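Structure below is upload-v8.txt: compact mmCIF, C-alpha atoms.
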# COMPACT_ATOMS: atom_id res chain seq x y z
CA MET A 1 110.91 92.71 125.93
CA ALA A 2 113.43 91.12 128.30
CA SER A 3 116.71 92.95 128.71
CA ALA A 4 120.10 91.25 128.62
CA VAL A 5 121.84 94.47 129.61
CA GLN A 6 121.72 95.92 133.10
CA THR A 7 123.27 98.90 134.78
CA GLY A 8 126.54 97.85 136.37
CA ARG A 9 129.58 99.25 138.09
CA VAL A 10 132.54 100.79 136.41
CA GLY A 11 135.21 98.22 135.65
CA ARG A 12 138.74 98.59 134.38
CA SER A 13 137.76 99.59 130.87
CA VAL A 14 134.81 101.07 129.04
CA ARG A 15 133.36 101.54 125.55
CA PHE A 16 131.21 104.50 124.56
CA GLY A 17 128.24 104.42 122.22
CA LEU A 18 126.55 107.49 120.74
CA ASP A 19 123.26 107.60 118.87
CA ILE A 20 123.19 110.95 117.10
CA GLY A 21 119.67 112.13 116.32
CA GLY A 22 118.38 115.26 114.68
CA THR A 23 118.01 117.13 117.98
CA LYS A 24 119.44 114.90 120.73
CA THR A 25 122.38 112.53 121.13
CA ASP A 26 121.98 109.49 123.39
CA VAL A 27 125.28 108.49 125.02
CA VAL A 28 126.07 105.29 126.93
CA ALA A 29 129.16 103.90 128.59
CA VAL A 30 129.37 100.12 128.42
CA SER A 31 131.70 97.93 130.42
CA ASP A 32 133.89 95.42 128.64
CA GLY A 33 131.47 92.81 129.98
CA GLY A 34 128.52 94.42 128.17
CA GLU A 35 126.82 96.26 131.03
CA ILE A 36 125.54 99.82 130.64
CA ILE A 37 127.18 101.76 133.44
CA ALA A 38 126.14 105.32 132.54
CA ARG A 39 123.75 107.08 130.18
CA SER A 40 123.03 110.69 129.29
CA ARG A 41 121.45 112.81 126.57
CA ARG A 42 122.93 115.92 125.03
CA PRO A 43 121.78 118.37 122.34
CA THR A 44 122.92 117.59 118.80
CA GLY A 45 124.76 120.27 116.88
CA HIS A 46 124.29 121.18 113.22
CA GLY A 47 127.11 121.12 110.70
CA ASP A 48 130.44 119.30 110.39
CA GLU A 49 132.26 121.05 113.21
CA ALA A 50 129.35 120.82 115.62
CA VAL A 51 128.90 117.09 114.97
CA VAL A 52 132.59 116.36 115.59
CA ASP A 53 132.60 118.58 118.68
CA GLY A 54 129.50 116.83 119.95
CA VAL A 55 131.11 113.39 119.75
CA VAL A 56 134.29 114.53 121.46
CA GLU A 57 132.57 116.54 124.19
CA SER A 58 130.01 113.79 124.90
CA VAL A 59 132.73 111.20 125.42
CA GLU A 60 134.93 113.47 127.52
CA ALA A 61 132.04 114.60 129.72
CA MET A 62 130.85 111.07 130.46
CA ARG A 63 134.40 109.80 130.94
CA SER A 64 134.92 112.48 133.57
CA GLU A 65 131.56 111.71 135.17
CA ILE A 66 132.33 108.01 135.68
CA GLY A 67 135.94 108.62 136.66
CA MET A 68 137.70 106.82 133.82
CA SER A 69 141.06 107.83 132.44
CA ALA A 70 141.55 108.25 128.69
CA ALA A 71 143.71 105.12 128.70
CA GLU A 72 140.78 103.07 130.00
CA VAL A 73 138.53 103.95 127.02
CA LEU A 74 138.67 101.02 124.60
CA SER A 75 136.61 102.45 121.76
CA VAL A 76 133.89 104.84 120.67
CA GLY A 77 131.06 103.79 118.37
CA VAL A 78 128.80 106.31 116.67
CA GLY A 79 125.41 105.63 115.12
CA ILE A 80 124.41 108.45 112.77
CA PRO A 81 121.76 108.99 110.09
CA GLY A 82 122.71 109.23 106.44
CA LEU A 83 124.87 107.09 104.20
CA VAL A 84 127.84 105.75 106.10
CA ASP A 85 131.06 104.44 104.59
CA THR A 86 131.86 102.15 107.52
CA ALA A 87 135.27 101.11 106.20
CA ASN A 88 136.49 104.71 106.20
CA GLY A 89 134.28 106.19 108.92
CA ARG A 90 132.83 108.76 106.54
CA VAL A 91 129.28 110.14 106.78
CA LEU A 92 127.53 111.23 103.59
CA HIS A 93 124.28 113.13 103.03
CA ALA A 94 123.16 113.42 106.66
CA VAL A 95 120.85 116.24 105.61
CA ASN A 96 119.13 116.80 108.96
CA LEU A 97 122.53 117.32 110.59
CA GLY A 98 123.82 119.68 107.92
CA VAL A 99 126.49 117.18 106.87
CA GLU A 100 127.30 116.42 103.23
CA SER A 101 130.63 114.59 103.58
CA LEU A 102 132.42 114.23 106.90
CA ASP A 103 135.36 112.03 107.91
CA LEU A 104 133.87 111.65 111.35
CA ALA A 105 135.84 108.64 112.58
CA ALA A 106 139.22 110.08 111.67
CA ARG A 107 138.54 113.53 113.05
CA ALA A 108 137.00 112.34 116.32
CA SER A 109 139.65 109.67 116.82
CA GLU A 110 142.43 112.19 116.35
CA ARG A 111 141.06 114.40 119.10
CA LEU A 112 140.14 111.60 121.50
CA ASP A 113 143.16 109.39 120.79
CA VAL A 114 140.76 106.42 120.82
CA PRO A 115 139.54 104.16 117.98
CA VAL A 116 136.23 105.49 116.60
CA VAL A 117 133.89 103.45 114.41
CA VAL A 118 130.87 104.96 112.62
CA GLU A 119 127.75 103.08 111.55
CA ASN A 120 124.34 103.97 110.16
CA ASP A 121 122.04 104.65 113.11
CA VAL A 122 119.38 102.10 112.15
CA LYS A 123 121.90 99.29 111.64
CA ALA A 124 123.46 100.14 114.99
CA ALA A 125 120.01 100.08 116.61
CA ALA A 126 119.35 96.66 115.07
CA LEU A 127 122.49 95.32 116.72
CA GLY A 128 121.53 96.88 120.04
CA ALA A 129 118.01 95.48 119.88
CA ALA A 130 119.44 92.01 119.27
CA ALA A 131 121.69 92.38 122.30
CA LEU A 132 118.81 93.56 124.49
CA ARG A 133 116.80 90.51 123.47
CA GLY A 134 119.73 88.36 124.58
CA GLU A 135 119.42 86.09 121.57
CA ALA A 136 121.57 85.44 118.52
CA VAL A 137 118.61 84.59 116.30
CA SER A 138 117.50 86.27 113.10
CA MET A 139 115.61 89.51 113.54
CA ALA A 140 114.91 92.79 111.80
CA TYR A 141 114.69 96.20 113.39
CA LEU A 142 112.07 98.44 111.80
CA ASN A 143 112.52 102.12 112.59
CA LEU A 144 109.31 104.13 112.32
CA GLY A 145 110.13 107.79 112.75
CA THR A 146 110.13 110.77 110.43
CA GLY A 147 111.18 108.27 107.78
CA VAL A 148 111.14 104.48 107.59
CA ALA A 149 114.21 102.26 107.53
CA ALA A 150 115.29 98.86 108.78
CA GLY A 151 118.33 96.85 109.73
CA ILE A 152 118.69 93.08 109.71
CA VAL A 153 120.63 90.89 112.12
CA ILE A 154 121.15 87.29 111.01
CA ASP A 155 122.80 84.82 113.38
CA GLY A 156 123.91 87.78 115.48
CA ALA A 157 125.64 89.70 112.66
CA ILE A 158 124.52 92.80 110.76
CA SER A 159 123.38 91.85 107.27
CA ARG A 160 124.45 94.62 104.89
CA GLY A 161 123.92 93.22 101.40
CA SER A 162 126.26 93.93 98.50
CA ARG A 163 126.00 97.73 98.79
CA GLY A 164 124.92 98.23 102.37
CA THR A 165 121.20 98.66 101.71
CA ALA A 166 119.87 95.33 103.03
CA GLY A 167 116.58 95.91 104.84
CA GLU A 168 115.93 99.42 103.51
CA VAL A 169 112.21 98.91 103.05
CA GLY A 170 111.05 102.53 103.25
CA HIS A 171 111.36 103.11 99.52
CA ILE A 172 109.71 99.94 98.30
CA SER A 173 106.64 101.04 96.34
CA VAL A 174 103.47 99.19 97.34
CA ASP A 175 101.03 101.49 95.53
CA PRO A 176 102.15 102.87 92.13
CA ASN A 177 99.19 105.27 92.22
CA GLY A 178 99.88 106.47 95.77
CA ARG A 179 101.32 109.66 97.18
CA LEU A 180 104.53 111.03 95.71
CA CYS A 181 107.56 110.14 97.82
CA THR A 182 110.58 112.34 98.39
CA CYS A 183 112.62 109.70 96.54
CA GLY A 184 110.62 110.33 93.33
CA GLN A 185 108.53 107.16 93.37
CA ARG A 186 104.86 106.88 94.24
CA GLY A 187 103.31 104.85 97.00
CA CYS A 188 106.48 103.96 98.89
CA ILE A 189 106.03 102.35 102.29
CA GLU A 190 107.42 105.55 103.81
CA THR A 191 104.57 107.60 102.29
CA LEU A 192 102.14 105.46 104.26
CA CYS A 193 103.77 105.13 107.68
CA GLY A 194 106.58 107.67 107.86
CA GLY A 195 105.88 110.40 110.40
CA GLY A 196 106.98 113.14 107.99
CA ALA A 197 104.77 111.91 105.15
CA LEU A 198 101.78 111.52 107.47
CA ALA A 199 102.28 115.05 108.83
CA ARG A 200 102.37 116.47 105.30
CA ALA A 201 99.24 114.56 104.33
CA TRP A 202 97.48 115.76 107.51
CA GLY A 203 98.45 119.35 106.79
CA ARG A 204 97.54 120.77 110.19
CA PRO A 205 99.92 122.40 112.69
CA GLY A 206 100.80 120.50 115.82
CA ALA A 207 103.76 119.30 117.85
CA LEU A 208 102.79 115.62 117.49
CA PRO A 209 100.90 115.30 114.20
CA VAL A 210 100.71 111.50 114.13
CA ARG A 211 99.21 111.46 117.61
CA ASP A 212 96.81 114.19 116.48
CA ILE A 213 95.83 111.98 113.54
CA LEU A 214 95.04 109.05 115.83
CA ASP A 215 93.08 111.27 118.22
CA ALA A 216 91.05 112.69 115.33
CA ALA A 217 90.49 109.18 113.95
CA ASP A 218 89.14 108.13 117.34
CA ARG A 219 86.65 111.00 117.00
CA GLY A 220 85.63 109.67 113.60
CA GLU A 221 87.14 112.36 111.33
CA PRO A 222 87.19 110.74 107.86
CA ASP A 223 90.59 112.07 106.72
CA ALA A 224 92.19 110.95 109.96
CA VAL A 225 90.59 107.51 109.76
CA LEU A 226 92.14 107.03 106.31
CA LEU A 227 95.58 108.17 107.49
CA ARG A 228 95.41 105.90 110.52
CA ALA A 229 94.66 103.02 108.17
CA ASP A 230 97.63 104.06 106.00
CA LEU A 231 99.93 104.00 109.02
CA ALA A 232 98.92 100.47 109.97
CA ARG A 233 98.89 99.27 106.35
CA GLY A 234 102.33 100.69 105.58
CA ALA A 235 103.97 99.31 108.71
CA ALA A 236 102.34 95.92 108.09
CA ALA A 237 103.72 95.96 104.55
CA ALA A 238 107.21 96.65 105.92
CA VAL A 239 106.93 93.74 108.35
CA ARG A 240 105.72 91.46 105.56
CA VAL A 241 108.57 92.47 103.24
CA LEU A 242 111.20 91.94 105.94
CA VAL A 243 109.93 88.48 106.84
CA LEU A 244 109.39 87.31 103.28
CA THR A 245 112.73 88.56 101.95
CA ALA A 246 115.07 87.93 104.89
CA ASP A 247 113.12 85.15 106.66
CA VAL A 248 113.65 86.80 110.05
CA GLU A 249 111.94 85.27 113.04
CA THR A 250 111.12 88.59 114.74
CA VAL A 251 110.60 92.19 113.69
CA VAL A 252 111.40 94.62 116.50
CA ILE A 253 109.80 98.02 115.95
CA GLY A 254 111.49 101.16 117.23
CA GLY A 255 111.71 104.84 116.40
CA GLY A 256 109.76 107.88 117.46
CA LEU A 257 106.34 106.50 116.56
CA THR A 258 106.66 103.76 119.19
CA ALA A 259 105.74 106.46 121.72
CA LEU A 260 102.19 105.73 120.51
CA GLY A 261 102.45 102.36 122.27
CA ASP A 262 99.57 99.94 121.85
CA ARG A 263 97.79 102.34 119.51
CA LEU A 264 100.58 101.64 117.03
CA GLY A 265 101.24 98.00 117.87
CA ASP A 266 97.60 96.94 117.86
CA GLY A 267 96.99 98.74 114.58
CA ILE A 268 99.89 96.92 112.89
CA ARG A 269 98.82 93.56 114.27
CA ASN A 270 95.24 94.05 113.14
CA ALA A 271 96.43 95.03 109.66
CA LEU A 272 98.59 91.91 109.45
CA ILE A 273 95.65 89.75 110.52
CA ALA A 274 93.38 91.42 107.95
CA ASP A 275 95.96 90.94 105.19
CA ALA A 276 96.23 87.25 106.04
CA ALA A 277 92.46 86.65 106.14
CA GLY A 278 92.30 85.62 102.49
CA SER A 279 95.70 83.96 102.29
CA PRO A 280 96.47 80.57 103.87
CA PHE A 281 100.13 81.24 103.08
CA LEU A 282 100.25 84.48 105.06
CA ARG A 283 98.23 82.92 107.89
CA SER A 284 100.84 80.18 108.16
CA LEU A 285 103.53 82.80 108.85
CA HIS A 286 101.77 84.21 111.97
CA LEU A 287 103.19 87.64 111.23
CA ASP A 288 101.06 89.33 113.88
CA GLU A 289 102.78 87.20 116.53
CA ARG A 290 106.27 88.03 115.32
CA ILE A 291 106.42 91.76 116.04
CA GLU A 292 107.64 93.48 119.20
CA LEU A 293 107.79 97.15 120.12
CA LEU A 294 110.83 98.57 121.85
CA PRO A 295 109.82 100.18 125.14
CA PRO A 296 109.98 104.00 125.26
CA GLY A 297 113.43 105.26 126.12
CA SER A 298 115.19 102.05 125.10
CA PRO A 299 118.99 102.41 124.83
CA ALA A 300 119.11 100.04 121.85
CA ALA A 301 120.62 102.49 119.36
CA ALA A 302 123.37 103.81 121.64
CA LEU A 303 124.13 100.31 122.93
CA GLY A 304 124.39 99.05 119.36
CA ALA A 305 126.81 101.87 118.57
CA ALA A 306 128.99 100.80 121.50
CA LEU A 307 128.96 97.24 120.20
CA VAL A 308 129.87 98.45 116.72
CA GLY A 309 132.76 100.36 118.26
CA ALA A 310 134.11 97.13 119.72
CA HIS A 311 135.08 95.98 116.22
CA THR A 312 136.97 97.41 113.31
CA PRO A 313 134.90 97.94 110.14
CA GLN A 314 136.64 94.97 108.50
CA GLU A 315 135.55 92.56 111.22
CA GLU A 316 132.22 90.79 111.35
CA ILE A 317 130.18 92.09 114.27
CA VAL A 318 128.50 89.23 116.08
CA ILE A 319 126.22 89.12 119.10
CA HIS A 320 126.41 85.89 121.08
CA GLY A 321 123.21 84.96 122.86
Produce structure tokens that represent the structure in this file.
Amino acid sequence: MASAVQTGRVGRSVRFGLDIGGTKTDVVAVSDGGEIIARSRRPTGHGDEAVVDGVVESVEAMRSEIGMSAAEVLSVGVGIPGLVDTANGRVLHAVNLGVESLDLAARASERLDVPVVVENDVKAAALGAAALRGEAVSMAYLNLGTGVAAGIVIDGAISRGSRGTAGEVGHISVDPNGRLCTCGQRGCIETLCGGGALARAWGRPGALPVRDILDAADRGEPDAVLLRADLARGAAAAVRVLVLTADVETVVIGGGLTALGDRLGDGIRNALIADAAGSPFLRSLHLDERIELLPPGSPAAALGAALVGAHTPQEEIVIHG
């Protein structure tokens, strides 16, 4: 994937973007011209106080590193898992971070004396992926990690829907007789291609269970072969839903499972081709040609957070290609 963002020199002002994950926080400093000028990773804390401290300390440490004064910081954007009330900067139900209800924007802004904007991490990553592609066309960002979620960018702007759930494909049921999902339904897309669901179905210890599944499938182990097929089938279903409902031109796939590289991408493409074999309609959509994988280590999520921070929650956030 071509990048529209390059490392540059420090200018007169800077915006910070933070992608807060379950264990690590990715931090970038972005010039007012859109160039990434610094990047670092820090451990993520657990609980309200630790999350607020992490935002403040990450910004202050990088600001000091690049030699910027507090007055030269234009904004801070934070991408974080959970339900996010973007208008008020409040984070709800970020279970993996130990957060139930946190006024993150207000608390961090008070300590930093800088405007802070908070966005759902997947929606922020969608915006960052659109910027990295350097195009203002329609696209979806499909995050395949422990869970499955997506964000949609149409004409360069985040598409939220009426209640902020546009693109949330993980809990669409595609098999009413399938495995029970944590949401209470059966056969959700997440039960097929979410890393957590696959690890539970595999039921064996290991640091990288999805990779272990693929390795075992390559050796011909029947259970692993079935789970590998589920992974490809579930991700293909998510791609199909995103294209058919939002009519996006491209689905960019990110998240932890993209570390599997071609083993993931080829599996999804082959599943899309197989699904289309008996359907002239699906063949006409060329879905297998419309997916891209983010490269490992992509700064898309943190970059997107910085872009979110450039706007107040009431403003439309637009990427210009």
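Using only C-alpha atoms, every residue with an atom at most 12 Å from the point (116.0, 86.6, 101.8) is listed here: Ser138, Ala140, Ile152, Ile154, Ser159, Gly161, Ala166, Gly167, Arg240, Val241, Leu242, Val243, Leu244, Thr245, Ala246, Asp247 and Val248 of chain A.
Excluding Asn143 in chain A and any residue on its chain fewer than 2 positions from it, the residues at most 8 Å away by all atoms listed in the file are Val122, Tyr141, Gly145, Gly147, Val148, Ala149, Ala150, Ile253, Gly254 and Gly255 of chain A.
The gap separating CA of Leu287 in chain A from CA of Glu190 in chain A is 19.8 Å, in Å to one decimal.
Of note, CA of Glu60 in chain A and CA of Ser109 in chain A are spaced 12.3 Å apart.
Of the listed residues A:Gly278, A:Gly170, A:Gly21, A:Gly77, the one whose atoms come nearest to Ala105 in chain A is A:Gly77, with distances taken using only C-alpha atoms.
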Can you list, as a list in words, every protein, DNA or RNA residue that comes within 8 Å of Val225 in chain A when you count all atoms listed in the file, leaving out same-chain residues fewer than 4 positions away? Ile213, Leu214, Ala216, Ala217, Asp218, Gly220, Glu221 and Ala229 of chain A
_Could you list, as a ChimeraX atom specification, every residue within 12 Å of Val52 in chain A, counting all atoms listed in the file and ignoring same-chain residues fewer than 5 positions away?_
/A:18,20,44-47,57-59,78,80,90-91,97,99,102-112,116,118
Write the residues of the preceding selection, restricted to C-alpha atoms, as a JSON list (two decimals), in the coordinates of the input.
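Result written to selection-v1.json:
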[["chain", "number", "residue", "atom", "x", "y", "z"],
["A", 18, "LEU", "CA", 126.55, 107.49, 120.74],
["A", 20, "ILE", "CA", 123.19, 110.95, 117.10],
["A", 44, "THR", "CA", 122.92, 117.59, 118.80],
["A", 45, "GLY", "CA", 124.76, 120.27, 116.88],
["A", 46, "HIS", "CA", 124.29, 121.18, 113.22],
["A", 47, "GLY", "CA", 127.11, 121.12, 110.70],
["A", 57, "GLU", "CA", 132.57, 116.54, 124.19],
["A", 58, "SER", "CA", 130.01, 113.79, 124.90],
["A", 59, "VAL", "CA", 132.73, 111.20, 125.42],
["A", 78, "VAL", "CA", 128.80, 106.31, 116.67],
["A", 80, "ILE", "CA", 124.41, 108.45, 112.77],
["A", 90, "ARG", "CA", 132.83, 108.76, 106.54],
["A", 91, "VAL", "CA", 129.28, 110.14, 106.78],
["A", 97, "LEU", "CA", 122.53, 117.32, 110.59],
["A", 99, "VAL", "CA", 126.49, 117.18, 106.87],
["A", 102, "LEU", "CA", 132.42, 114.23, 106.90],
["A", 103, "ASP", "CA", 135.36, 112.03, 107.91],
["A", 104, "LEU", "CA", 133.87, 111.65, 111.35],
["A", 105, "ALA", "CA", 135.84, 108.64, 112.58],
["A", 106, "ALA", "CA", 139.22, 110.08, 111.67],
["A", 107, "ARG", "CA", 138.54, 113.53, 113.05],
["A", 108, "ALA", "CA", 137.00, 112.34, 116.32],
["A", 109, "SER", "CA", 139.65, 109.67, 116.82],
["A", 110, "GLU", "CA", 142.43, 112.19, 116.35],
["A", 111, "ARG", "CA", 141.06, 114.40, 119.10],
["A", 112, "LEU", "CA", 140.14, 111.60, 121.50],
["A", 116, "VAL", "CA", 136.23, 105.49, 116.60],
["A", 118, "VAL", "CA", 130.87, 104.96, 112.62]]
Pairwise distance, CA of Gly34 in chain A with CA of Thr258 in chain A, equals 25.4 Å
Closest of A:Gly297, A:Gly187, A:Gly128, A:Pro176 to Val153 in chain A, counting all atoms listed in the file, is A:Gly128
